[in-house]
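> Handing you this structure, nothing more for now.
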Amino acid sequence: MPVNTIKFQEIKEELSISNTVLVAVSKTKPVEDIQALYELGQRDFGENYVQELVDKQALLPKDIRWHFIGHLQSNKVKYIAPFVYLIHGVDSLKLLQEINKQALKNNRIIDCLLQMHIAEEETKFGLDQSEIEAIQLVLPQLNNIQILGFMGMASFSEDMDKVKREFLHLKSQFDLFKIWAEQNPMNATNKGISILSMGMSGDYQLAIDCGSNMVRIGSLLFGARSYPT
Ligand SMILES: *Cc1c(COP(=O)(O)O)cnc(C)c1O
C-alpha cells in the first residue's frame with residue numbers, strides 16, 4: 001500500500017490545532033515511503049528496530065529527527081547513539097546509564113523519555129513508581145542525558161474507557177514528575193519536563209484529549225504492516 005498523503009495532511013492539520021508533534025512511525029516500511037513524507041515536510045520519524053534504523057538513517061536525509069520508540073537493549077545503544085534524536089522507551093535504570101555512557105563517548109547529550117507501565121492488563125515494558133524513584137536518585141550523575149518527559153502505551157483494547165483511564169493515569173504521573181523536576185534540578189543539562197508521548201493510530205485523538213503533546217502514528221499513514229510487532 002502506498003503512503004496515504006491525504007491522511008497525512010488531514011492529521012497534520014488536526015494536530016496543529018493542539019500543537020501536537022507528529023512522529024511518523026515507519027517501522028517495516030521502505031525508505032521510499034519515508035522519503036515521500038519527507039518531501040511533504042515531515043521530519044520526525046519513529047523506528048522500533050536498531051538495525052533497521054541504522055540502515056535507513058544511512059540512506060536518508062541527515063536532517064531527519066529519528067525517534068527510537070521500540071524496546072531498546074542496552075548492548076545496542078552504541079549503534080544509534082551517534083545520531084538518535086529522542087529515545088522514547090527508556091524502561092530501566094541500566095538502560096539509562098548505558099545511554100549516558102554512549103552519549104559521552106559521542107560527545108553528545110541524548111534526549112530521553114521514560115516509558116511508564118500504564119496498561120492495566122497487558123504486560124508491556126515500562127517503569128513502575130519505585131523504579132522512577134531509583135532513577136531520580138542517580139540522575140544528578142548522568143550529565144549526558146536529558147529526560148524530557150514520559151512515554152506510554154495503553155492496552156490494545158476496544159474498551160475506550162479503560163484506555164482513557166490509562167492515559168489519564170500517565171498524565172497525572174507526568175504532572176507529578178514535572179513538579180518534582182522543577183523542585184530538584186535533575187542534572188546539569190536539563191531543560192525541564194515538556195514531552196508527553198502517548199497515542200497511536202487507533203487512539204491518538206483520545207490521547208490528545210488526555211494531555212498528550214506527541215503522537216506516534218504508523219498504520220494510518222503507511223498502511224498496515226506486513227509482519228507483527
Ligand atoms: C508501532 C508503534 C506505533 C505505531 O502504531 P500504529 O498503530 O501503526 O499507529 C506507536 N508506538 C509504538 C511504541 C509502536 O511500537
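Labels used: A, B, ... for chains in the order of the C-alpha cells, numbers from 1 for residues in each chain, and numbers from 1 for ligands as shown.
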Env of Gly149 in chain A: 6 Å cut, atoms = only C-alpha atoms, seq-sep filter 2 positions within chain, self excluded. Answer as an MDAnalysis selection string.
chainID A and resid 113 147 193:196
> Please return as a PyMOL selection string the residues found within 7 Å of ligand 1, counting only C-alpha atoms and all ligand atoms.
chain A and resi 25+27+48+69-70+153+200-202+216-220+229
> Hey, can you spit out that residue selection with N, CA and C atoms as a CSV table (one decimal), in the first residue's frame?

```csv
chain,number,residue,atom,x,y,z
A,25,VAL,N,5.5,6.8,12.3
A,25,VAL,CA,6.2,5.5,12.6
A,25,VAL,C,6.4,4.7,11.4
A,27,LYS,N,8.4,2.0,10.9
A,27,LYS,CA,9.0,0.6,11.0
A,27,LYS,C,8.4,-0.3,10.0
A,48,ASN,N,11.5,1.1,15.4
A,48,ASN,CA,11.5,0.2,16.6
A,48,ASN,C,12.7,-0.7,16.7
A,69,ILE,N,11.5,4.3,19.2
A,69,ILE,CA,10.3,4.1,20.0
A,69,ILE,C,10.1,2.7,20.5
A,70,GLY,N,11.0,1.8,20.1
A,70,GLY,CA,10.9,0.4,20.5
A,70,GLY,C,11.5,0.0,21.8
A,153,MET,N,2.2,3.4,26.5
A,153,MET,CA,1.3,2.7,25.6
A,153,MET,C,0.1,2.1,26.4
A,200,MET,N,-1.5,6.4,19.4
A,200,MET,CA,-1.1,5.8,18.2
A,200,MET,C,-2.3,5.9,17.2
A,201,SER,N,-2.2,5.2,16.1
A,201,SER,CA,-3.3,5.3,15.1
A,201,SER,C,-4.7,5.2,15.7
A,202,GLY,N,-4.8,4.2,16.5
A,202,GLY,CA,-6.2,3.9,17.0
A,202,GLY,C,-6.7,4.7,18.1
A,216,ARG,N,2.5,9.0,18.1
A,216,ARG,CA,3.3,8.2,17.3
A,216,ARG,C,2.3,7.4,16.3
A,217,ILE,N,2.3,7.8,15.1
A,217,ILE,CA,1.3,7.2,14.2
A,217,ILE,C,2.0,6.5,13.0
A,218,GLY,N,1.6,5.2,12.9
A,218,GLY,CA,2.2,4.4,11.8
A,218,GLY,C,1.2,4.0,10.8
A,219,SER,N,0.3,3.1,11.1
A,219,SER,CA,-0.5,2.4,10.1
A,219,SER,C,-1.5,3.4,9.4
A,220,LEU,N,-1.9,4.4,10.0
A,220,LEU,CA,-2.8,5.4,9.4
A,220,LEU,C,-2.1,6.1,8.2
A,229,THR,N,4.4,-6.8,15.2
A,229,THR,CA,5.4,-6.2,16.0
A,229,THR,C,5.1,-6.4,17.5
```
> Report as an NGL selection string all protein, DNA and RNA residues lying within 9 Å of Lys171 in chain A, evaluated on only C-alpha atoms, omitting residues in the same chain fewer than 3 positions from it.
:A and (150 or 166-168 or 174-176 or 196 or 210-212)
> Store the residues picked out above, limited to N, CA and C atoms, as a PDB file, in the first residue's frame.

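Okay, again_18.pdb is ready:
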```
ATOM      1  N   PHE A 150       7.666  11.746  29.452  1.00  0.00           N
ATOM      2  CA  PHE A 150       7.210  10.358  29.590  1.00  0.00           C
ATOM      3  C   PHE A 150       6.631   9.838  28.286  1.00  0.00           C
ATOM      4  N   GLU A 166      -6.098   4.776  31.490  1.00  0.00           N
ATOM      5  CA  GLU A 166      -4.657   4.573  31.426  1.00  0.00           C
ATOM      6  C   GLU A 166      -3.938   5.851  30.996  1.00  0.00           C
ATOM      7  N   PHE A 167      -4.508   6.529  30.011  1.00  0.00           N
ATOM      8  CA  PHE A 167      -3.901   7.795  29.551  1.00  0.00           C
ATOM      9  C   PHE A 167      -3.920   8.842  30.669  1.00  0.00           C
ATOM     10  N   LEU A 168      -5.042   8.946  31.363  1.00  0.00           N
ATOM     11  CA  LEU A 168      -5.144   9.959  32.425  1.00  0.00           C
ATOM     12  C   LEU A 168      -4.189   9.636  33.573  1.00  0.00           C
ATOM     13  N   PHE A 174       2.998  12.124  34.845  1.00  0.00           N
ATOM     14  CA  PHE A 174       3.806  13.121  34.127  1.00  0.00           C
ATOM     15  C   PHE A 174       3.790  14.451  34.891  1.00  0.00           C
ATOM     16  N   ASP A 175       2.611  14.878  35.323  1.00  0.00           N
ATOM     17  CA  ASP A 175       2.490  16.150  36.048  1.00  0.00           C
ATOM     18  C   ASP A 175       3.294  16.121  37.355  1.00  0.00           C
ATOM     19  N   LEU A 176       3.231  14.989  38.050  1.00  0.00           N
ATOM     20  CA  LEU A 176       3.972  14.865  39.310  1.00  0.00           C
ATOM     21  C   LEU A 176       5.480  14.913  39.073  1.00  0.00           C
ATOM     22  N   LEU A 196       4.985  14.667  26.537  1.00  0.00           N
ATOM     23  CA  LEU A 196       4.190  13.500  26.913  1.00  0.00           C
ATOM     24  C   LEU A 196       3.823  12.772  25.622  1.00  0.00           C
ATOM     25  N   CYS A 210      -6.485  13.698  26.537  1.00  0.00           N
ATOM     26  CA  CYS A 210      -5.991  13.370  27.880  1.00  0.00           C
ATOM     27  C   CYS A 210      -4.658  14.051  28.191  1.00  0.00           C
ATOM     28  N   GLY A 211      -4.153  14.888  27.282  1.00  0.00           N
ATOM     29  CA  GLY A 211      -2.954  15.665  27.616  1.00  0.00           C
ATOM     30  C   GLY A 211      -1.688  15.339  26.839  1.00  0.00           C
ATOM     31  N   SER A 212      -1.784  14.427  25.881  1.00  0.00           N
ATOM     32  CA  SER A 212      -0.595  14.119  25.072  1.00  0.00           C
ATOM     33  C   SER A 212      -0.182  15.332  24.241  1.00  0.00           C
TER      34      SER A 212
END
```
> Just how far from CA of Ser155 in chain A is CA of Ala119 in chain A, in Å to one decimal?
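Separating CA of Ala119 in chain A from CA of Ser155 in chain A is a distance of 4.8 Å.
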> As a PDB file with N, CA, C and O atoms, in the first residue's frame, please: all residues of range 123-212 of chain A that backbone DSSP puts in helix (DSSP H, G or I).

```
ATOM      1  N   GLN A 129       6.554   2.959  39.823  1.00  0.00           N
ATOM      2  CA  GLN A 129       6.885   4.105  40.665  1.00  0.00           C
ATOM      3  C   GLN A 129       8.223   3.940  41.389  1.00  0.00           C
ATOM      4  O   GLN A 129       9.021   4.873  41.465  1.00  0.00           O
ATOM      5  N   SER A 130       8.508   2.728  41.885  1.00  0.00           N
ATOM      6  CA  SER A 130       9.754   2.556  42.643  1.00  0.00           C
ATOM      7  C   SER A 130      10.969   2.692  41.724  1.00  0.00           C
ATOM      8  O   SER A 130      12.028   3.195  42.127  1.00  0.00           O
ATOM      9  N   GLU A 131      10.810   2.256  40.481  1.00  0.00           N
ATOM     10  CA  GLU A 131      11.920   2.394  39.522  1.00  0.00           C
ATOM     11  C   GLU A 131      12.136   3.865  39.139  1.00  0.00           C
ATOM     12  O   GLU A 131      13.269   4.298  38.920  1.00  0.00           O
ATOM     13  N   ILE A 132      11.046   4.626  39.080  1.00  0.00           N
ATOM     14  CA  ILE A 132      11.169   6.068  38.819  1.00  0.00           C
ATOM     15  C   ILE A 132      11.957   6.724  39.956  1.00  0.00           C
ATOM     16  O   ILE A 132      12.845   7.551  39.714  1.00  0.00           O
ATOM     17  N   GLU A 133      11.659   6.325  41.163  1.00  0.00           N
ATOM     18  CA  GLU A 133      12.360   6.910  42.311  1.00  0.00           C
ATOM     19  C   GLU A 133      13.852   6.573  42.281  1.00  0.00           C
ATOM     20  O   GLU A 133      14.697   7.422  42.593  1.00  0.00           O
ATOM     21  N   ALA A 134      14.166   5.356  41.877  1.00  0.00           N
ATOM     22  CA  ALA A 134      15.580   4.968  41.773  1.00  0.00           C
ATOM     23  C   ALA A 134      16.290   5.822  40.719  1.00  0.00           C
ATOM     24  O   ALA A 134      17.441   6.238  40.913  1.00  0.00           O
ATOM     25  N   ILE A 135      15.603   6.090  39.642  1.00  0.00           N
ATOM     26  CA  ILE A 135      16.180   6.936  38.583  1.00  0.00           C
ATOM     27  C   ILE A 135      16.379   8.360  39.096  1.00  0.00           C
ATOM     28  O   ILE A 135      17.416   8.985  38.864  1.00  0.00           O
ATOM     29  N   GLN A 136      15.400   8.860  39.826  1.00  0.00           N
ATOM     30  CA  GLN A 136      15.511  10.225  40.357  1.00  0.00           C
ATOM     31  C   GLN A 136      16.771  10.391  41.219  1.00  0.00           C
ATOM     32  O   GLN A 136      17.424  11.424  41.182  1.00  0.00           O
ATOM     33  N   LEU A 137      17.101   9.334  41.943  1.00  0.00           N
ATOM     34  CA  LEU A 137      18.271   9.401  42.833  1.00  0.00           C
ATOM     35  C   LEU A 137      19.599   9.521  42.079  1.00  0.00           C
ATOM     36  O   LEU A 137      20.511  10.198  42.536  1.00  0.00           O
ATOM     37  N   VAL A 138      19.708   8.842  40.940  1.00  0.00           N
ATOM     38  CA  VAL A 138      21.007   8.841  40.250  1.00  0.00           C
ATOM     39  C   VAL A 138      21.111   9.890  39.143  1.00  0.00           C
ATOM     40  O   VAL A 138      22.204  10.131  38.619  1.00  0.00           O
ATOM     41  N   LEU A 139      20.006  10.524  38.814  1.00  0.00           N
ATOM     42  CA  LEU A 139      20.024  11.497  37.714  1.00  0.00           C
ATOM     43  C   LEU A 139      21.127  12.560  37.813  1.00  0.00           C
ATOM     44  O   LEU A 139      21.742  12.886  36.788  1.00  0.00           O
ATOM     45  N   PRO A 140      21.400  13.085  39.003  1.00  0.00           N
ATOM     46  CA  PRO A 140      22.433  14.125  39.067  1.00  0.00           C
ATOM     47  C   PRO A 140      23.793  13.670  38.549  1.00  0.00           C
ATOM     48  O   PRO A 140      24.641  14.490  38.207  1.00  0.00           O
ATOM     49  N   GLN A 141      24.009  12.350  38.482  1.00  0.00           N
ATOM     50  CA  GLN A 141      25.295  11.852  37.989  1.00  0.00           C
ATOM     51  C   GLN A 141      25.292  11.574  36.489  1.00  0.00           C
ATOM     52  O   GLN A 141      26.316  11.227  35.915  1.00  0.00           O
ATOM     53  N   MET A 160     -12.695   1.876  25.352  1.00  0.00           N
ATOM     54  CA  MET A 160     -12.109   3.211  25.361  1.00  0.00           C
ATOM     55  C   MET A 160     -12.118   3.856  26.750  1.00  0.00           C
ATOM     56  O   MET A 160     -11.313   4.732  27.028  1.00  0.00           O
ATOM     57  N   ASP A 161     -13.008   3.394  27.609  1.00  0.00           N
ATOM     58  CA  ASP A 161     -12.986   3.905  28.992  1.00  0.00           C
ATOM     59  C   ASP A 161     -11.702   3.468  29.686  1.00  0.00           C
ATOM     60  O   ASP A 161     -11.088   4.229  30.436  1.00  0.00           O
ATOM     61  N   LYS A 162     -11.323   2.232  29.419  1.00  0.00           N
ATOM     62  CA  LYS A 162     -10.097   1.712  30.018  1.00  0.00           C
ATOM     63  C   LYS A 162      -8.873   2.441  29.465  1.00  0.00           C
ATOM     64  O   LYS A 162      -7.995   2.871  30.221  1.00  0.00           O
ATOM     65  N   VAL A 163      -8.844   2.613  28.145  1.00  0.00           N
ATOM     66  CA  VAL A 163      -7.723   3.315  27.509  1.00  0.00           C
ATOM     67  C   VAL A 163      -7.623   4.733  28.078  1.00  0.00           C
ATOM     68  O   VAL A 163      -6.541   5.213  28.408  1.00  0.00           O
ATOM     69  N   LYS A 164      -8.783   5.369  28.244  1.00  0.00           N
ATOM     70  CA  LYS A 164      -8.802   6.725  28.789  1.00  0.00           C
ATOM     71  C   LYS A 164      -8.256   6.758  30.220  1.00  0.00           C
ATOM     72  O   LYS A 164      -7.463   7.644  30.569  1.00  0.00           O
ATOM     73  N   ARG A 165      -8.673   5.792  31.034  1.00  0.00           N
ATOM     74  CA  ARG A 165      -8.146   5.709  32.408  1.00  0.00           C
ATOM     75  C   ARG A 165      -6.620   5.604  32.402  1.00  0.00           C
ATOM     76  O   ARG A 165      -5.934   6.249  33.187  1.00  0.00           O
ATOM     77  N   GLU A 166      -6.098   4.776  31.490  1.00  0.00           N
ATOM     78  CA  GLU A 166      -4.657   4.573  31.426  1.00  0.00           C
ATOM     79  C   GLU A 166      -3.938   5.851  30.996  1.00  0.00           C
ATOM     80  O   GLU A 166      -2.906   6.222  31.564  1.00  0.00           O
ATOM     81  N   PHE A 167      -4.508   6.529  30.011  1.00  0.00           N
ATOM     82  CA  PHE A 167      -3.901   7.795  29.551  1.00  0.00           C
ATOM     83  C   PHE A 167      -3.920   8.842  30.669  1.00  0.00           C
ATOM     84  O   PHE A 167      -2.941   9.556  30.887  1.00  0.00           O
ATOM     85  N   LEU A 168      -5.042   8.946  31.363  1.00  0.00           N
ATOM     86  CA  LEU A 168      -5.144   9.959  32.425  1.00  0.00           C
ATOM     87  C   LEU A 168      -4.189   9.636  33.573  1.00  0.00           C
ATOM     88  O   LEU A 168      -3.623  10.534  34.198  1.00  0.00           O
ATOM     89  N   HIS A 169      -3.996   8.347  33.819  1.00  0.00           N
ATOM     90  CA  HIS A 169      -3.044   7.908  34.836  1.00  0.00           C
ATOM     91  C   HIS A 169      -1.622   8.359  34.452  1.00  0.00           C
ATOM     92  O   HIS A 169      -0.880   8.906  35.275  1.00  0.00           O
ATOM     93  N   LEU A 170      -1.269   8.148  33.192  1.00  0.00           N
ATOM     94  CA  LEU A 170       0.059   8.570  32.729  1.00  0.00           C
ATOM     95  C   LEU A 170       0.201  10.090  32.825  1.00  0.00           C
ATOM     96  O   LEU A 170       1.243  10.599  33.265  1.00  0.00           O
ATOM     97  N   LYS A 171      -0.852  10.809  32.440  1.00  0.00           N
ATOM     98  CA  LYS A 171      -0.802  12.281  32.515  1.00  0.00           C
ATOM     99  C   LYS A 171      -0.577  12.736  33.957  1.00  0.00           C
ATOM    100  O   LYS A 171       0.202  13.662  34.210  1.00  0.00           O
ATOM    101  N   SER A 172      -1.206  12.084  34.904  1.00  0.00           N
ATOM    102  CA  SER A 172      -1.040  12.524  36.292  1.00  0.00           C
ATOM    103  C   SER A 172       0.381  12.209  36.783  1.00  0.00           C
ATOM    104  O   SER A 172       0.985  13.008  37.507  1.00  0.00           O
ATOM    105  N   GLN A 173       0.944  11.075  36.352  1.00  0.00           N
ATOM    106  CA  GLN A 173       2.338  10.770  36.721  1.00  0.00           C
ATOM    107  C   GLN A 173       3.304  11.759  36.082  1.00  0.00           C
ATOM    108  O   GLN A 173       4.290  12.175  36.698  1.00  0.00           O
ATOM    109  N   PHE A 174       2.998  12.124  34.845  1.00  0.00           N
ATOM    110  CA  PHE A 174       3.806  13.121  34.127  1.00  0.00           C
ATOM    111  C   PHE A 174       3.790  14.451  34.891  1.00  0.00           C
ATOM    112  O   PHE A 174       4.837  15.068  35.112  1.00  0.00           O
ATOM    113  N   ASP A 175       2.611  14.878  35.323  1.00  0.00           N
ATOM    114  CA  ASP A 175       2.490  16.150  36.048  1.00  0.00           C
ATOM    115  C   ASP A 175       3.294  16.121  37.355  1.00  0.00           C
ATOM    116  O   ASP A 175       3.960  17.092  37.706  1.00  0.00           O
ATOM    117  N   LEU A 176       3.231  14.989  38.050  1.00  0.00           N
ATOM    118  CA  LEU A 176       3.972  14.865  39.310  1.00  0.00           C
ATOM    119  C   LEU A 176       5.480  14.913  39.073  1.00  0.00           C
ATOM    120  O   LEU A 176       6.223  15.566  39.817  1.00  0.00           O
ATOM    121  N   PHE A 177       5.914  14.236  38.029  1.00  0.00           N
ATOM    122  CA  PHE A 177       7.349  14.213  37.727  1.00  0.00           C
ATOM    123  C   PHE A 177       7.828  15.613  37.346  1.00  0.00           C
ATOM    124  O   PHE A 177       8.926  16.037  37.719  1.00  0.00           O
ATOM    125  N   LYS A 178       6.965  16.317  36.639  1.00  0.00           N
ATOM    126  CA  LYS A 178       7.294  17.689  36.218  1.00  0.00           C
ATOM    127  C   LYS A 178       7.481  18.597  37.442  1.00  0.00           C
ATOM    128  O   LYS A 178       8.441  19.376  37.503  1.00  0.00           O
ATOM    129  N   ILE A 179       6.601  18.462  38.403  1.00  0.00           N
ATOM    130  CA  ILE A 179       6.716  19.255  39.630  1.00  0.00           C
ATOM    131  C   ILE A 179       8.003  18.882  40.373  1.00  0.00           C
ATOM    132  O   ILE A 179       8.765  19.742  40.808  1.00  0.00           O
ATOM    133  N   TRP A 180       8.253  17.580  40.463  1.00  0.00           N
ATOM    134  CA  TRP A 180       9.486  17.116  41.109  1.00  0.00           C
ATOM    135  C   TRP A 180      10.710  17.730  40.414  1.00  0.00           C
ATOM    136  O   TRP A 180      11.639  18.217  41.062  1.00  0.00           O
ATOM    137  N   ALA A 181      10.705  17.713  39.071  1.00  0.00           N
ATOM    138  CA  ALA A 181      11.847  18.211  38.301  1.00  0.00           C
ATOM    139  C   ALA A 181      12.049  19.711  38.504  1.00  0.00           C
ATOM    140  O   ALA A 181      13.175  20.204  38.471  1.00  0.00           O
ATOM    141  N   GLU A 182      10.954  20.426  38.713  1.00  0.00           N
ATOM    142  CA  GLU A 182      11.074  21.865  38.941  1.00  0.00           C
ATOM    143  C   GLU A 182      11.709  22.155  40.297  1.00  0.00           C
ATOM    144  O   GLU A 182      12.396  23.152  40.485  1.00  0.00           O
ATOM    145  N   GLN A 183      11.472  21.257  41.240  1.00  0.00           N
ATOM    146  CA  GLN A 183      11.999  21.474  42.593  1.00  0.00           C
ATOM    147  C   GLN A 183      13.376  20.871  42.804  1.00  0.00           C
ATOM    148  O   GLN A 183      14.090  21.232  43.732  1.00  0.00           O
ATOM    149  N   TYR A 204      -5.105   8.143  19.072  1.00  0.00           N
ATOM    150  CA  TYR A 204      -4.363   9.396  19.262  1.00  0.00           C
ATOM    151  C   TYR A 204      -5.254  10.576  19.644  1.00  0.00           C
ATOM    152  O   TYR A 204      -4.831  11.458  20.400  1.00  0.00           O
ATOM    153  N   GLN A 205      -6.515  10.582  19.128  1.00  0.00           N
ATOM    154  CA  GLN A 205      -7.390  11.714  19.482  1.00  0.00           C
ATOM    155  C   GLN A 205      -7.728  11.703  20.965  1.00  0.00           C
ATOM    156  O   GLN A 205      -7.688  12.738  21.635  1.00  0.00           O
ATOM    157  N   LEU A 206      -8.020  10.509  21.466  1.00  0.00           N
ATOM    158  CA  LEU A 206      -8.282  10.364  22.898  1.00  0.00           C
ATOM    159  C   LEU A 206      -7.042  10.752  23.715  1.00  0.00           C
ATOM    160  O   LEU A 206      -7.137  11.442  24.735  1.00  0.00           O
ATOM    161  N   ALA A 207      -5.877  10.334  23.227  1.00  0.00           N
ATOM    162  CA  ALA A 207      -4.625  10.655  23.939  1.00  0.00           C
ATOM    163  C   ALA A 207      -4.430  12.168  24.032  1.00  0.00           C
ATOM    164  O   ALA A 207      -4.035  12.682  25.085  1.00  0.00           O
ATOM    165  N   ILE A 208      -4.717  12.875  22.954  1.00  0.00           N
ATOM    166  CA  ILE A 208      -4.559  14.334  22.960  1.00  0.00           C
ATOM    167  C   ILE A 208      -5.555  14.960  23.946  1.00  0.00           C
ATOM    168  O   ILE A 208      -5.196  15.848  24.732  1.00  0.00           O
ATOM    169  N   ASP A 209      -6.771  14.458  23.928  1.00  0.00           N
ATOM    170  CA  ASP A 209      -7.773  14.949  24.896  1.00  0.00           C
ATOM    171  C   ASP A 209      -7.292  14.732  26.331  1.00  0.00           C
ATOM    172  O   ASP A 209      -7.663  15.468  27.241  1.00  0.00           O
TER     173      ASP A 209
END
```
> Compile the contact shell of Val84 in chain A as an NGL selection string: residues with an atom at most 8 Å away, counting only C-alpha atoms, same-chain residues fewer than 2 positions apart removed.
:A and (65-68 or 80-82 or 86-87 or 110)
> For C-alpha atoms, I'd like the residues from the last selection saved as a PDB file, in the first residue's frame.

```pdb
ATOM      1  CA  ARG A  65      14.884  13.586  13.523  1.00  0.00           C
ATOM      2  CA  TRP A  66      14.976   9.876  14.341  1.00  0.00           C
ATOM      3  CA  HIS A  67      12.907   8.769  17.305  1.00  0.00           C
ATOM      4  CA  PHE A  68      13.649   5.354  18.745  1.00  0.00           C
ATOM      5  CA  ILE A  80      22.155   4.648  17.458  1.00  0.00           C
ATOM      6  CA  ALA A  81      23.952   6.913  19.941  1.00  0.00           C
ATOM      7  CA  PRO A  82      25.756   8.951  17.245  1.00  0.00           C
ATOM      8  CA  LEU A  86      14.909  11.131  21.073  1.00  0.00           C
ATOM      9  CA  ILE A  87      14.730   7.734  22.775  1.00  0.00           C
ATOM     10  CA  ILE A 110      20.880  12.375  24.273  1.00  0.00           C
TER      11      ILE A 110
END
```
> Using only C-alpha atoms, which protein or nucleic acid residues come within 9 Å of His71 in chain A? Drop anything in the same chain fewer than 3 positions from it, and give the result as a list in words.
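Listing them by chain and then by number gives Asn48, Tyr49, Phe68, His88, Gly89, Val90, Asp91 and Phe125 of chain A.
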> Write out the residues from the selection above, keeping N, CA and C atoms, as a compact mmCIF listing (two decimals), in the first residue's frame.

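Result went into again-v6.txt, see below:
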```txt
# COMPACT_ATOMS: atom_id res chain seq x y z
N ASN A 48 11.46 1.15 15.44
CA ASN A 48 11.48 0.24 16.59
C ASN A 48 12.67 -0.70 16.66
N TYR A 49 13.37 -0.86 15.53
CA TYR A 49 14.42 -1.87 15.50
C TYR A 49 15.76 -1.21 15.16
N PHE A 68 13.65 6.79 18.50
CA PHE A 68 13.65 5.35 18.74
C PHE A 68 12.51 5.05 19.70
N HIS A 88 12.40 7.12 23.15
CA HIS A 88 11.13 7.14 23.90
C HIS A 88 11.03 6.05 24.96
N GLY A 89 11.69 4.92 24.72
CA GLY A 89 11.34 3.75 25.52
C GLY A 89 12.29 3.42 26.65
N VAL A 90 12.75 4.40 27.40
CA VAL A 90 13.69 4.09 28.48
C VAL A 90 12.93 3.42 29.62
N ASP A 91 13.20 2.12 29.80
CA ASP A 91 12.41 1.36 30.75
C ASP A 91 13.24 0.70 31.85
N PHE A 125 6.38 -3.33 28.37
CA PHE A 125 7.57 -2.78 29.01
C PHE A 125 7.22 -1.46 29.68
```
> When DSSP works through the backbone of this structure, what residues of range 35-197 of chain A end up as strand (DSSP E), shown as a ChimeraX atom specification?
/A:44-47,65-68,86-90,110-116,145-152,195-197
> In Å, how far is it from CA of Gln146 in chain A to CA of Asn184 in chain A?
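We find that CA of Gln146 in chain A and CA of Asn184 in chain A lie 13.8 Å from each other.
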> Which residues, written as a ChimeraX atom specification, have at least one atom at most 7 Å from range 95-104 of chain A, with only C-alpha atoms counted and residues fewer than 4 positions away on the same chain left out?
/A:74,77-78,81,90,108-110,142,144-145
